[in-house]
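Student: Dropping in coords28.cif, with mmCIF, C-alpha atoms.
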```cif
data_work
#
loop_
_atom_site.label_atom_id
_atom_site.label_comp_id
_atom_site.auth_asym_id
_atom_site.auth_seq_id
_atom_site.Cartn_x
_atom_site.Cartn_y
_atom_site.Cartn_z
CA MET A 295 -122.92 158.00 96.81
CA GLU A 296 -122.86 156.10 100.06
CA THR A 297 -120.55 153.10 100.17
CA ARG A 298 -121.33 150.22 102.46
CA PRO A 299 -118.36 149.30 104.70
CA LYS A 300 -116.66 146.07 103.70
CA LYS A 301 -117.76 143.18 105.88
CA ILE A 302 -115.08 141.18 107.70
CA PHE A 303 -114.84 137.64 106.36
CA TYR A 304 -116.35 135.31 108.93
CA GLY A 305 -113.33 133.03 108.71
CA TRP A 306 -111.32 135.54 110.75
CA TRP A 307 -113.88 135.25 113.55
CA VAL A 308 -113.37 131.49 113.33
CA VAL A 309 -109.61 132.02 113.71
CA LEU A 310 -110.15 134.26 116.76
CA THR A 311 -112.50 131.69 118.28
CA ALA A 312 -110.08 128.82 117.63
CA ALA A 313 -107.14 130.79 119.08
CA THR A 314 -109.21 131.55 122.18
CA GLY A 315 -110.16 127.89 122.56
CA LEU A 316 -106.52 126.85 122.32
CA LEU A 317 -105.40 129.57 124.75
CA LEU A 318 -107.89 128.32 127.35
CA GLY A 319 -107.32 124.65 126.61
CA TYR A 320 -105.15 121.63 127.22
CA ALA A 321 -101.66 122.85 126.32
CA PRO A 322 -101.51 126.16 128.25
CA ILE A 323 -103.48 125.01 131.31
CA PHE A 324 -102.12 121.48 131.69
CA VAL A 325 -98.84 121.13 129.77
CA PHE A 326 -97.13 124.52 130.11
CA SER A 327 -98.36 125.06 133.68
CA PHE A 328 -97.36 121.61 134.93
CA GLY A 329 -94.03 122.77 136.32
CA VAL A 330 -95.82 125.16 138.66
CA PHE A 331 -97.56 122.27 140.44
CA VAL A 332 -94.71 119.73 140.67
CA LYS A 333 -93.33 120.62 144.12
CA SER A 334 -96.82 120.83 145.66
CA MET A 335 -97.71 117.42 144.23
CA VAL A 336 -94.46 115.90 145.53
CA LYS A 337 -95.33 117.11 149.02
CA GLU A 338 -99.01 116.13 148.82
CA PHE A 339 -98.39 112.60 147.53
CA HIS A 340 -95.30 111.96 149.69
CA SER A 341 -93.35 111.08 146.56
CA ASN A 342 -90.43 112.41 144.51
CA ARG A 343 -90.09 114.36 141.26
CA THR A 344 -89.50 111.22 139.23
CA GLN A 345 -92.81 109.72 140.30
CA ILE A 346 -94.70 112.94 139.59
CA SER A 347 -92.92 113.37 136.25
CA LEU A 348 -93.96 109.82 135.36
CA ALA A 349 -97.59 110.94 135.60
CA PHE A 350 -96.90 113.67 133.04
CA THR A 351 -95.07 111.19 130.79
CA LEU A 352 -98.08 108.87 130.89
CA ALA A 353 -100.29 111.78 129.86
CA ASN A 354 -97.96 112.57 126.93
CA VAL A 355 -98.01 108.97 125.73
CA MET A 356 -101.79 108.83 125.93
CA PHE A 357 -102.00 112.19 124.13
CA SER A 358 -99.91 110.77 121.27
CA VAL A 359 -102.20 107.77 121.02
CA SER A 360 -105.42 109.79 121.14
CA SER A 361 -104.51 112.51 118.60
CA PRO A 362 -104.98 110.31 115.49
CA VAL A 363 -108.22 108.91 116.96
CA ALA A 364 -109.48 112.44 117.56
CA GLY A 365 -108.49 113.36 114.01
CA ARG A 366 -110.48 110.47 112.60
CA LEU A 367 -113.53 111.49 114.65
CA VAL A 368 -113.19 115.05 113.36
CA ASP A 369 -113.03 113.87 109.74
CA ARG A 370 -116.13 111.74 110.25
CA PHE A 371 -118.38 113.77 112.58
CA GLY A 372 -117.09 117.36 112.39
CA ALA A 373 -114.86 119.35 114.70
CA ARG A 374 -117.49 121.00 116.90
CA ARG A 375 -118.88 117.62 117.93
CA VAL A 376 -115.39 116.70 119.16
CA ILE A 377 -114.34 120.03 120.68
CA LEU A 378 -117.39 120.72 122.87
CA PRO A 379 -117.56 117.39 124.75
CA GLY A 380 -113.76 117.27 124.89
CA THR A 381 -113.61 120.69 126.55
CA LEU A 382 -116.35 119.72 129.00
CA ILE A 383 -114.58 116.49 130.02
CA PHE A 384 -111.24 118.30 130.32
CA GLY A 385 -112.76 120.81 132.75
CA LEU A 386 -114.42 118.08 134.83
CA LEU A 387 -111.13 116.16 135.05
CA LEU A 388 -109.37 119.24 136.40
CA ILE A 389 -112.09 119.63 139.03
CA SER A 390 -111.69 115.95 140.00
CA PHE A 391 -108.26 116.73 141.51
CA LYS A 392 -110.17 118.08 144.51
CA PHE A 393 -111.69 114.67 145.21
CA ILE A 394 -108.81 112.20 144.90
CA SER A 395 -106.79 110.92 147.84
CA THR A 396 -103.01 111.02 148.18
CA SER A 397 -102.59 107.67 146.36
CA LEU A 398 -100.31 107.96 143.34
CA TRP A 399 -102.34 105.51 141.28
CA GLN A 400 -105.32 107.88 141.42
CA LEU A 401 -103.12 110.72 140.17
CA TYR A 402 -101.87 108.49 137.34
CA VAL A 403 -105.43 107.59 136.33
CA ILE A 404 -106.44 111.25 136.05
CA PHE A 405 -103.28 112.12 134.09
CA LEU A 406 -103.95 109.24 131.70
CA ALA A 407 -107.51 110.51 131.21
CA LEU A 408 -106.24 114.06 130.65
CA GLY A 409 -103.82 112.82 128.00
CA LEU A 410 -106.61 110.85 126.35
CA ILE A 411 -108.92 113.85 126.12
CA GLY A 412 -106.01 116.14 125.20
CA GLY A 413 -106.05 114.73 121.68
CA THR A 414 -109.30 116.61 121.08
CA ALA A 415 -107.68 119.97 121.84
CA GLN A 416 -105.59 120.97 118.82
CA VAL A 417 -106.43 118.78 115.83
CA PRO A 418 -110.10 119.88 115.48
CA TYR A 419 -109.31 123.60 115.53
CA LEU A 420 -106.66 123.30 112.81
CA LYS A 421 -109.01 121.24 110.65
CA ILE A 422 -111.69 123.93 110.89
CA VAL A 423 -109.31 126.78 110.07
CA SER A 424 -107.95 124.84 107.09
CA ASN A 425 -111.52 124.44 105.84
CA TRP A 426 -112.10 128.21 105.98
CA PHE A 427 -108.89 129.32 104.23
CA ASP A 428 -106.97 128.34 101.13
CA ARG A 429 -104.84 131.20 99.75
CA ARG A 430 -104.36 132.67 103.26
CA ARG A 431 -104.28 129.33 105.08
CA GLY A 432 -100.73 129.70 106.38
CA PHE A 433 -101.36 133.05 108.05
CA ALA A 434 -104.68 131.84 109.47
CA LEU A 435 -103.03 128.75 110.95
CA GLY A 436 -100.25 130.90 112.40
CA LEU A 437 -102.72 133.22 114.13
CA THR A 438 -104.63 130.22 115.45
CA MET A 439 -101.52 128.59 116.90
CA ALA A 440 -100.55 131.92 118.45
CA GLY A 441 -103.27 131.12 120.97
CA VAL A 442 -101.14 128.26 122.30
CA ALA A 443 -98.00 130.40 122.44
CA THR A 444 -99.84 133.21 124.22
CA GLY A 445 -101.28 130.73 126.70
CA ALA A 446 -97.80 129.34 127.32
CA MET A 447 -96.71 132.79 128.46
CA VAL A 448 -99.72 133.87 130.54
CA MET A 449 -101.07 130.65 132.09
CA PRO A 450 -98.09 129.62 134.28
CA PRO A 451 -98.04 132.89 136.26
CA ILE A 452 -101.84 132.76 136.62
CA ALA A 453 -101.58 129.17 137.85
CA GLN A 454 -98.83 130.19 140.30
CA ARG A 455 -100.97 132.96 141.80
CA LEU A 456 -103.99 130.67 142.09
CA MET A 457 -101.93 127.95 143.74
CA ASN A 458 -100.41 130.37 146.25
CA ALA A 459 -103.88 131.60 147.17
CA LEU A 460 -105.96 128.41 146.98
CA GLY A 461 -103.63 125.40 146.93
CA TRP A 462 -102.86 123.22 143.92
CA ARG A 463 -106.13 121.26 143.88
CA SER A 464 -108.35 124.35 143.96
CA ALA A 465 -106.06 126.11 141.48
CA TYR A 466 -106.73 123.37 138.91
CA ALA A 467 -110.45 123.64 139.64
CA ALA A 468 -110.32 127.41 139.15
CA LEU A 469 -108.49 127.03 135.84
CA SER A 470 -111.20 124.63 134.68
CA ILE A 471 -113.68 127.51 134.85
CA LEU A 472 -111.88 129.14 131.92
CA GLY A 473 -112.87 126.21 129.73
CA LEU A 474 -116.31 125.50 131.14
CA VAL A 475 -117.58 129.08 131.47
CA VAL A 476 -115.62 130.93 128.78
CA ALA A 477 -114.38 128.58 126.05
CA ILE A 478 -117.47 126.37 125.63
CA PRO A 479 -119.97 129.23 125.08
CA ILE A 480 -117.62 131.04 122.68
CA VAL A 481 -116.99 127.88 120.65
CA ALA A 482 -120.69 126.96 120.61
CA LEU A 483 -121.70 130.41 119.36
CA PHE A 484 -119.00 131.33 116.85
CA LEU A 485 -117.15 128.24 115.62
CA LYS A 486 -118.45 126.84 112.33
CA ASP A 487 -117.02 123.67 110.82
CA SER A 488 -117.13 124.87 107.23
CA PRO A 489 -117.78 128.06 105.22
CA LYS A 490 -120.67 126.11 103.68
CA GLU A 491 -122.65 126.83 106.87
CA LYS A 492 -122.47 130.54 106.01
CA GLY A 493 -123.01 130.10 102.28
CA LEU A 494 -119.37 130.92 101.60
CA LEU A 495 -116.24 129.42 100.09
CA PRO A 496 -112.71 129.49 101.56
CA ASP A 497 -111.18 133.00 101.75
CA GLY A 498 -114.61 134.64 101.45
CA GLY A 499 -115.98 133.67 98.04
CA VAL A 500 -119.74 133.22 97.66
CA ASP A 501 -120.82 129.58 97.47
CA PHE A 502 -123.21 129.07 94.57
CA LEU A 503 -122.79 125.28 94.64
CA ALA A 504 -123.37 124.52 98.30
CA GLN A 505 -123.91 120.82 97.69
CA SER A 506 -121.00 120.30 95.33
CA GLU A 507 -118.92 117.21 95.95
CA GLU A 508 -115.87 119.14 94.74
CA ARG A 509 -115.75 121.40 97.78
CA PRO A 510 -112.18 121.73 99.17
CA GLU A 511 -112.93 119.98 102.46
CA LYS A 512 -114.07 116.91 100.50
CA GLN A 513 -110.91 116.70 98.40
CA GLY A 514 -107.82 114.81 99.45
CA LEU A 515 -106.24 111.44 100.11
CA THR A 516 -107.49 108.86 102.55
CA TRP A 517 -105.29 107.88 105.49
CA SER A 518 -104.54 104.49 103.92
CA THR A 519 -103.29 106.17 100.75
CA ALA A 520 -101.32 108.84 102.62
CA ARG A 521 -99.45 106.35 104.80
CA SER A 522 -98.35 104.46 101.69
CA SER A 523 -96.67 107.53 100.23
CA SER A 524 -93.04 108.46 100.69
CA THR A 525 -94.11 112.06 101.33
CA PHE A 526 -95.80 111.10 104.60
CA TRP A 527 -92.74 109.27 105.91
CA LEU A 528 -90.37 112.05 104.85
CA MET A 529 -92.51 114.51 106.80
CA ALA A 530 -92.84 112.18 109.80
CA CYS A 531 -89.07 111.60 109.97
CA GLY A 532 -88.18 115.26 109.40
CA PHE A 533 -90.53 116.63 112.03
CA SER A 534 -89.60 113.90 114.50
CA LEU A 535 -85.90 114.77 114.22
CA VAL A 536 -86.50 118.49 114.70
CA GLY A 537 -89.12 117.87 117.37
CA ALA A 538 -86.69 115.84 119.44
CA SER A 539 -84.03 118.52 119.03
CA VAL A 540 -86.09 121.56 120.00
CA HIS A 541 -87.88 119.89 122.90
CA ALA A 542 -84.59 118.59 124.32
CA CYS A 543 -83.13 122.08 124.17
CA VAL A 544 -86.21 123.78 125.65
CA ILE A 545 -86.54 121.36 128.58
CA HIS A 546 -82.87 121.56 129.52
CA LEU A 547 -82.13 125.18 128.59
CA VAL A 548 -82.12 126.64 132.12
CA SER A 549 -80.01 123.78 133.50
CA MET A 550 -77.62 124.07 130.56
CA LEU A 551 -77.03 127.79 131.08
CA THR A 552 -76.73 127.66 134.87
CA ASP A 553 -74.13 124.87 134.50
CA ARG A 554 -72.05 127.38 132.52
CA GLY A 555 -72.19 129.99 135.26
CA VAL A 556 -75.14 132.00 133.96
CA SER A 557 -77.24 133.30 136.85
CA ALA A 558 -80.63 131.73 137.46
CA GLU A 559 -82.29 135.07 136.65
CA ASN A 560 -80.54 135.41 133.30
CA ALA A 561 -81.25 131.76 132.47
CA ALA A 562 -84.94 132.39 133.17
CA MET A 563 -84.79 135.44 130.90
CA ALA A 564 -83.29 133.27 128.14
CA SER A 565 -86.21 130.89 128.61
CA SER A 566 -88.62 133.83 128.32
CA ALA A 567 -86.86 134.96 125.14
CA LEU A 568 -87.43 131.49 123.76
CA GLY A 569 -91.14 131.81 124.57
CA VAL A 570 -91.39 135.15 122.76
CA ALA A 571 -89.55 133.66 119.78
CA LEU A 572 -91.99 130.76 119.77
CA LEU A 573 -94.90 133.21 119.40
CA LEU A 574 -93.12 135.08 116.61
CA GLY A 575 -92.36 131.78 114.90
CA ARG A 576 -96.06 130.84 114.97
CA VAL A 577 -97.28 134.03 113.32
CA GLY A 578 -94.25 134.76 111.15
CA SER A 579 -94.03 131.31 109.57
CA GLY A 580 -97.77 131.34 108.89
CA TYR A 581 -97.46 134.66 107.05
CA VAL A 582 -94.53 133.44 104.96
CA LEU A 583 -96.16 130.10 104.10
CA ASP A 584 -98.76 131.89 101.96
CA ARG A 585 -95.99 133.47 99.89
CA VAL A 586 -93.11 130.99 99.76
CA PHE A 587 -93.02 127.27 98.89
CA ALA A 588 -93.52 125.53 102.24
CA PRO A 589 -90.51 123.12 102.09
CA TYR A 590 -88.27 126.18 101.60
CA VAL A 591 -89.82 127.74 104.71
CA ALA A 592 -89.18 124.50 106.61
CA ILE A 593 -85.54 124.43 105.48
CA PHE A 594 -85.09 128.05 106.57
CA PHE A 595 -86.47 127.53 110.09
CA PHE A 596 -84.75 124.15 110.53
CA SER A 597 -81.46 125.78 109.54
CA GLY A 598 -82.15 128.45 112.16
CA VAL A 599 -82.59 125.74 114.78
CA GLY A 600 -79.28 124.27 113.66
CA CYS A 601 -77.56 127.64 114.12
CA GLY A 602 -79.09 127.97 117.57
CA LEU A 603 -77.92 124.50 118.56
CA SER A 604 -74.43 125.33 117.25
CA LEU A 605 -74.24 128.41 119.46
CA LEU A 606 -75.26 126.38 122.49
CA TRP A 607 -72.91 123.54 121.54
CA VAL A 608 -69.83 125.81 121.52
CA GLY A 609 -70.71 126.92 125.05
CA ALA A 610 -72.04 130.36 124.25
CA GLY A 611 -73.18 132.55 127.13
CA GLY A 612 -74.63 136.03 127.44
CA ALA A 613 -76.15 137.53 124.29
CA ALA A 614 -75.06 134.56 122.16
CA ALA A 615 -76.97 132.17 124.42
CA PHE A 616 -80.06 134.37 124.12
CA LEU A 617 -79.70 134.31 120.34
CA GLY A 618 -79.30 130.54 120.30
CA ALA A 619 -82.39 130.05 122.48
CA SER A 620 -84.39 132.46 120.30
CA LEU A 621 -83.45 130.61 117.09
CA VAL A 622 -84.57 127.32 118.65
CA GLY A 623 -87.80 128.99 119.78
CA LEU A 624 -88.50 130.32 116.29
CA GLY A 625 -88.10 126.81 114.87
CA MET A 626 -90.30 125.30 117.56
CA GLY A 627 -93.00 127.87 116.82
CA ALA A 628 -92.82 127.35 113.07
CA GLU A 629 -93.00 123.57 113.37
CA GLY A 630 -96.66 123.55 114.47
CA ASP A 631 -97.74 125.67 111.49
CA LEU A 632 -95.60 123.71 109.05
CA ILE A 633 -97.11 120.33 109.96
CA ALA A 634 -100.67 121.56 109.48
CA TYR A 635 -99.93 123.48 106.28
CA LEU A 636 -97.89 120.74 104.63
CA THR A 637 -100.54 118.16 105.53
CA SER A 638 -103.21 120.22 103.78
CA ARG A 639 -101.08 120.81 100.66
CA TYR A 640 -99.76 117.28 100.17
CA PHE A 641 -102.76 115.25 101.38
CA GLY A 642 -105.75 117.60 101.13
CA LEU A 643 -108.54 118.06 103.66
CA ARG A 644 -110.54 114.87 103.25
CA SER A 645 -108.66 112.99 106.00
CA PHE A 646 -106.72 115.98 107.33
CA GLY A 647 -107.58 115.28 110.97
CA GLU A 648 -106.32 111.71 111.02
CA ILE A 649 -103.18 112.35 108.95
CA TYR A 650 -102.26 115.43 110.97
CA GLY A 651 -102.97 113.49 114.16
CA TYR A 652 -100.38 110.85 113.28
CA LEU A 653 -97.77 113.43 112.30
CA PHE A 654 -98.42 115.41 115.47
CA SER A 655 -98.14 112.21 117.52
CA ALA A 656 -94.74 111.56 115.97
CA LEU A 657 -93.72 115.07 117.02
CA THR A 658 -94.86 114.71 120.64
CA LEU A 659 -93.35 111.26 121.09
CA SER A 660 -90.03 112.35 119.62
CA GLY A 661 -90.08 115.42 121.88
CA ALA A 662 -90.43 113.22 124.94
CA LEU A 663 -87.62 110.95 123.67
CA GLY A 664 -85.40 113.94 122.88
CA SER A 665 -85.54 115.35 126.40
CA LEU A 666 -84.74 111.87 127.77
CA LEU A 667 -81.76 111.46 125.42
CA MET A 668 -80.51 114.90 126.45
CA ALA A 669 -80.58 113.88 130.11
CA MET A 670 -78.91 110.52 129.41
CA GLY A 671 -76.17 112.22 127.40
CA PHE A 672 -75.48 114.62 130.25
CA ASP A 673 -75.37 111.84 132.84
CA ARG A 674 -72.86 109.88 130.75
CA ALA A 675 -70.62 112.69 129.53
CA GLY A 676 -71.02 115.25 132.32
CA SER A 677 -72.06 117.98 129.89
CA TYR A 678 -74.60 118.68 127.16
CA ARG A 679 -72.07 118.94 124.32
CA LEU A 680 -72.42 115.34 123.09
CA PRO A 681 -76.26 115.31 122.90
CA LEU A 682 -76.24 118.81 121.36
CA ALA A 683 -73.93 117.55 118.61
CA PHE A 684 -76.30 114.65 117.98
CA PHE A 685 -79.32 116.96 117.76
CA LEU A 686 -77.46 119.33 115.46
CA ILE A 687 -76.87 116.45 113.02
CA ALA A 688 -80.52 115.41 113.39
CA THR A 689 -81.69 118.93 112.52
CA VAL A 690 -79.48 119.13 109.43
CA THR A 691 -80.83 115.74 108.34
CA ALA A 692 -84.41 117.02 108.76
CA ALA A 693 -83.66 120.03 106.56
CA VAL A 694 -82.29 117.71 103.85
CA LEU A 695 -85.44 115.55 104.03
CA MET A 696 -87.59 118.63 103.33
CA THR A 697 -85.85 119.03 99.95
CA ARG A 698 -87.33 115.68 98.88
CA LEU A 699 -91.03 116.52 99.31
CA GLY A 700 -91.63 117.65 95.73
CA GLN A 701 -94.44 119.87 94.45
CA TYR A 702 -97.79 120.34 96.20
CA ARG A 703 -100.48 117.83 95.35
CA PHE A 704 -103.24 120.27 96.37
CA ARG A 705 -102.18 123.78 95.35
CA PRO A 706 -103.69 127.05 96.63
CA ALA A 707 -106.54 128.30 94.46
#
```
Can you present the structure in this file as C-alpha cells?
Tutor:
Amino acid sequence: METRPKKIFYGWWVVLTAATGLLLGYAPIFVFSFGVFVKSMVKEFHSNRTQISLAFTLANVMFSVSSPVAGRLVDRFGARRVILPGTLIFGLLLISFKFISTSLWQLYVIFLALGLIGGTAQVPYLKIVSNWFDRRRGFALGLTMAGVATGAMVMPPIAQRLMNALGWRSAYAALSILGLVVAIPIVALFLKDSPKEKGLLPDGGVDFLAQSEERPEKQGLTWSTARSSSTFWLMACGFSLVGASVHACVIHLVSMLTDRGVSAENAAMASSALGVALLLGRVGSGYVLDRVFAPYVAIFFFSGVGCGLSLLWVGAGGAAAFLGASLVGLGMGAEGDLIAYLTSRYFGLRSFGEIYGYLFSALTLSGALGSLLMAMGFDRAGSYRLPLAFFLIATVTAAVLMTRLGQYRFRPA
C-alpha cells in the first residue's frame, strides 16, 4: 500500500517566515549595526560620539514607549496589519538618510521615528507564533528569536562592507532593500495570524469549531487585570534586573577585557563568543521550555549569568573570560524567549501583545540604564569591579523573584 508523506505543519513555515522578518528587520539592521556607522556619522555631522550616541538613546526610549502601543494594535487588528506597514515605513526611513543635511536635529528626528516604528518589529511576530503553537510553543519561539541572533552576527559585517563601498548614507539605503524587496513579499505571502485561517488548531490539530469563542488566542487576561497582579510585577522586576546586568556586561565587555591587558583581537573574539552563546541561548532555552517548568528554566539561566558575572568580577582573563562572556550571552539569549513564553502561560493570548510590550519595554529601558550605571561605576571607581558586584546581586535577586511566580494560569494542552 502506498503511504502519503506526512505534511509539514504550516506553523513551522510561519516560524521560518517570522525568523526571516526579524533577521531582516529593526534589531539586526539598525540596533546591532549601529556601531559600524558611528565614526562616519561623527565626521559627517561635525560632532562627537556623545552627540551621536544620544541619537541612539532617543531611539531606544521611543522604542520602549512604542512597544506596548504596537502590542495593543496587534491584539486589536492582527499582526500582519501592523508588520507590513511597519516594515515599509522602516525601509523608507532608512532611505531618508540620503536626503537629510548635516544638522544634528534632523538626525535626531529620524532616529526618534525609527525608534517609534521599531516597536512594530518584534511583538507582532511573537504573538503570531504563540497563536500557532501550544505544546511546542517554547521551541517555536526560540527558533523565531534565532532570527534576531543570526542577524546580529551577519548584519554588522554586511553593513561595514556596504559603507566602505557606498558611504554610510547609501549603505543604510541598500540595507532598506532587504526589508522592502525581500521581507515584505515573504511576510505577505506566508505569514498567517492564526491557524484558524488554515482550518487548523495550534500544533497542527484540525479545527472543527472554527468560530468557537474558546479558541486559545481568545483566552487570557486583559491588560488592566494583568497589571493588577503580583505575577506581572515579579516578572517585570526580575527581567529588568537581569536585563540591566547582561546589557551592561555586553556593552562594556571589550573595554573591560582590554583594560586587563587582553589584546583587542582576543577581546573581539570574546565578544563573538558571546554572540554565539546568545544564539544557542535562544534555541536551547526554547527547546527546554516545552519540557521543564519555565520559572525553573529562568532560575537556571539567571544563575548562569551570575556565574559569568562572578568570573568577570574576580578579574578573569583568557579562557575564564570567554566562559564568563558565554554564560552572560546564554542568559541574554534565553531572556527573550522567557518573557514571551511566561507571558503566554501566566496571562494567556488575549492581550499578549500589550502585556509583552510592557515587559519588553521594561527590559530595554533597564538595559539602557544598566550600561549607563556600568560607565558611571567605572568613572568613579576606576574599574568595573564595583558595578559588576552590584549586577551580580541584582541577578541573584532576579532568580529569587522567579521562585515566586507560582503555577501556570494557562497550561499547555
Student: Return the single residue from A:Ala707, A:Ala373, A:Leu494, A:Leu515 that is closest to Tyr640 in chain A, with distances computed using only C-alpha atoms.
Tutor: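 Between A:Ala707, A:Ala373, A:Leu494, A:Leu515, the residue approaching Tyr640 in chain A most closely is A:Leu515.
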Student: Can you report as JSON the centre and edge lengths in Å, to one decimal, of an axis-aligned box around the listed atoms of range 406-420 of chain A padded with 6 Å on each side?
Tutor:
```
{"center_x": -107.0, "center_y": 116.4, "center_z": 122.3, "size_x": 18.3, "size_y": 26.4, "size_z": 30.9}
```
Student: Find the spatial neighbours of Leu398 in chain A, counting only C-alpha atoms, within a cut-off of 9 Å - ignore same-chain residues fewer than 5 positions away - and output them as a tab-separated table (two decimals) with C-alpha atoms, in the frame of the given file.
Tutor:
```tsv
chain	number	residue	atom	x	y	z
A	339	PHE	CA	-98.39	112.60	147.53
A	341	SER	CA	-93.35	111.08	146.56
A	345	GLN	CA	-92.81	109.72	140.30
A	346	ILE	CA	-94.70	112.94	139.59
A	349	ALA	CA	-97.59	110.94	135.60
A	403	VAL	CA	-105.43	107.59	136.33
```
Student: Mind pulling up the distance from CA of Gly602 in chain A to CA of Met563 in chain A?
Tutor: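 That distance, rounded to one decimal, is 16.3 Å.
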Student: So which residues are close to (-100.1, 130.0, 125.4), meaning at most 9 Å away in the file's coordinates with only C-alpha atoms counted, and can you show them as a list in words?
Tutor: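 The answer, in the requested form, is Leu316, Leu317, Leu318, Ala321, Pro322, Ile323, Phe326, Met439, Ala440, Gly441, Val442, Ala443, Thr444, Gly445, Ala446, Met447, Val448, Met449 and Leu573 of chain A.
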Student: Which distance in Å separates CA of Trp517 in chain A and CA of Leu699 in chain A, to one decimal?
Tutor: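 Result for CA of Trp517 in chain A versus CA of Leu699 in chain A: 17.8 Å, one decimal.
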Student: Pick out the closest residue to Arg521 in chain A from this set: A:Phe331, A:Phe684, A:Phe641, A:Tyr678. Count only C-alpha atoms.
Tutor: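 Using only C-alpha atoms, the shortest distance to Arg521 in chain A belongs to A:Phe641.
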Student: Would you kindly return, as number ranges by chain, each protein, DNA or RNA residue with an atom no farther than 7 Å from any atom of Gly409 in chain A, considering all atoms listed in the file and excluding same-chain residues fewer than 2 positions away?
Tutor: A: 353-354, 356-357, 405-407, 411-413
Student: Need to verify the contact set: range 544-546 of chain A, 10 Å, all atoms listed in the file, exclusion of same-chain residues closer than 5 positions in sequence. Can you return it as a ChimeraX atom specification?
Tutor: /A:539,551,565,568-569,619,622-623,626,661-662,664-666,668-669,678
